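Student: First, the structure itself, so that you have it in front of you.
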Amino acid sequence: MSTRLLVIDDEESICEILRYNLLKEGYEVDTANSAEEALDMDLTPYDLFIVDIMMERLSGFDFAKRLRNSSATEDVPIIFCSALTDEDDTVMGLNIGADDYITKPFKISEVLARVNAVLRRTQLARRVAAAASNDAPEMEPDIEYEGLRIDPNDKVCYLDGEKISLTKTELEILSFFLTHRNRIYSREEIIRHVWADDVVVTNRTIDTNITRLRKKIGDYGNNIVTRLGFGYGFKEKD
């Protein structure tokens with residue numbers, strides 16, 4: 001898909017010079033001779049705006065502010081191209097959110113170089129953002145049973161809406177039980193699911209953690225049942 005630019009300047013000759021040379025670079029280029037004319041257009045397809053500042057009625061600064069205040073165009077790069085050469089004007093343009101500022105009279109080679117540089121930076125930023133988004137871990141859904149709720153992302157357990165203090169092991173045992181309800185698991189099975197492979201765990205360790213867990217989860221402690229000779233499980237209420 002080609003890159004689409006919009007040149008906005010009240011001097012038709014400037015629009016045509018920029019349009020001609022940018023077309024030679026392989027860009028799709030449209031022009032508008034006022035900010036008002038540009039605002040009547042669908043601005044969402046454009047990848048870059050080149051904007052004059054001193055235009056009648058609505059200035060380039062005001063036009064840029066409207067772009068930045070719209071979710072559809074807030075991230076589209078803007079290059080100001082203006083006869084205003086005062087440093088304060090340049091600073092104001094950049095503070096509004098412009099990506100570059102070119103002063104008139106300009107060399108067309110400079111304009112092309114600035115356009116290419118801004119588009120490269122924008123495309124790189126989008127690729128980095130997309131990669132970061134893809135690398136971000138997915139949020140896990142809460143684990144719930146009646147008044148018990150575990151937030152696996154924050155590693156927190158709630159009892160009837162109140163946060164309760166569980167150790168890491170207690171939280172992992174409860175998470176395992178709540179996601180594997182109505183079945184008895186041997187101590188060996190619980191160890192495989194809760195503890196790391198290189199950790200030595202005794203039956204006494206499991207029994208102690210489950211005893212403490214029962215006390216911390218109130219009435220739901222009765223849902224953790226013991227089957228002598230077999231192991232433990234979390235049973236839903238009949």
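Every chain in the structure tokens takes a letter, A first, then B, and so on in the order presented; its residues are numbered from 1, and the ligands are numbered from 1 following the presented order.
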Leaving out Ile53 (chain A) and any residue of its chain fewer than 3 positions from it, which residues lie within 6 Å of it when counting only C-alpha atoms, given as a list in words?

Tutor: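 The filter keeps Ser59, Gly60 and Ser82 of chain A.
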
Student: What parts of region 86-202 of chain A does DSSP call alpha helix (DSSP H)? I'd like the answer as a ChimeraX atom specification.

Tutor: /A:87-96,108-135,168-179,187-194

Student: Counting only C-alpha atoms, which residues of region 62-172 of chain A fall within 9 Å of region 190-213 of chain A, and what is the closest atom pair for each with its distance in Å at one decimal, ordered by chain and rising number, as JSON lines?

Tutor:
```
{"residue": "A:Leu166", "atom": "CA", "partner": "A:Leu213", "partner_atom": "CA", "distance": 7.6}
{"residue": "A:Thr169", "atom": "CA", "partner": "A:Val194", "partner_atom": "CA", "distance": 7.3}
{"residue": "A:Glu170", "atom": "CA", "partner": "A:Leu213", "partner_atom": "CA", "distance": 6.0}
{"residue": "A:Leu171", "atom": "CA", "partner": "A:Leu213", "partner_atom": "CA", "distance": 8.4}
{"residue": "A:Glu172", "atom": "CA", "partner": "A:Val194", "partner_atom": "CA", "distance": 6.0}
```

Student: Report the distance between CA of Thr44 (chain A) and CA of Ala72 (chain A) in Å, rounded to one decimal place.

Tutor: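 Spanning CA of Thr44 (chain A) to CA of Ala72 (chain A) is a straight-line distance of 6.2 Å.
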
Student: Mind giving me the straight-line distance from CA of Lys216 (chain A) to CA of Ile164 (chain A) in Å, one decimal?

Tutor: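 It comes out at 7.4 Å.
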
Student: Just how far from CA of Ala125 (chain A) is CA of Leu43 (chain A), in Å to one decimal?

Tutor: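 Interatomic distance, CA of Leu43 (chain A) to CA of Ala125 (chain A): 20.8 Å.
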
Student: From the set A:Leu178, A:Cys157, A:Ala32, A:Ala117, which residue has the shortest atom-to-atom contact distance to Lys235 (chain A), counting only C-alpha atoms?

Tutor: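 Under the stated criterion, the closest residue is A:Leu178.
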
Student: Taking only C-alpha atoms into account, name the residue in A:Gly97, A:Ile143, A:Ala83, A:Glu188 that is nearest to Asn69 (chain A).

Tutor: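 Closest to Asn69 (chain A), using only C-alpha atoms: A:Gly97.
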
Student: Extract the full set of strand (DSSP E) residues from region 64-203 of chain A according to DSSP on the backbone, and format it as a ChimeraX atom specification.

Tutor: /A:78-82,100-103,143-145,148-151,156-159,162-164

Student: Neighbours of Ile79 (chain A) within 10 Å (only C-alpha atoms; same-chain residues fewer than 6 positions away dropped), as a ChimeraX atom specification?

Tutor: /A:7,48-52,64,93-94,97-102,111,114-115,118
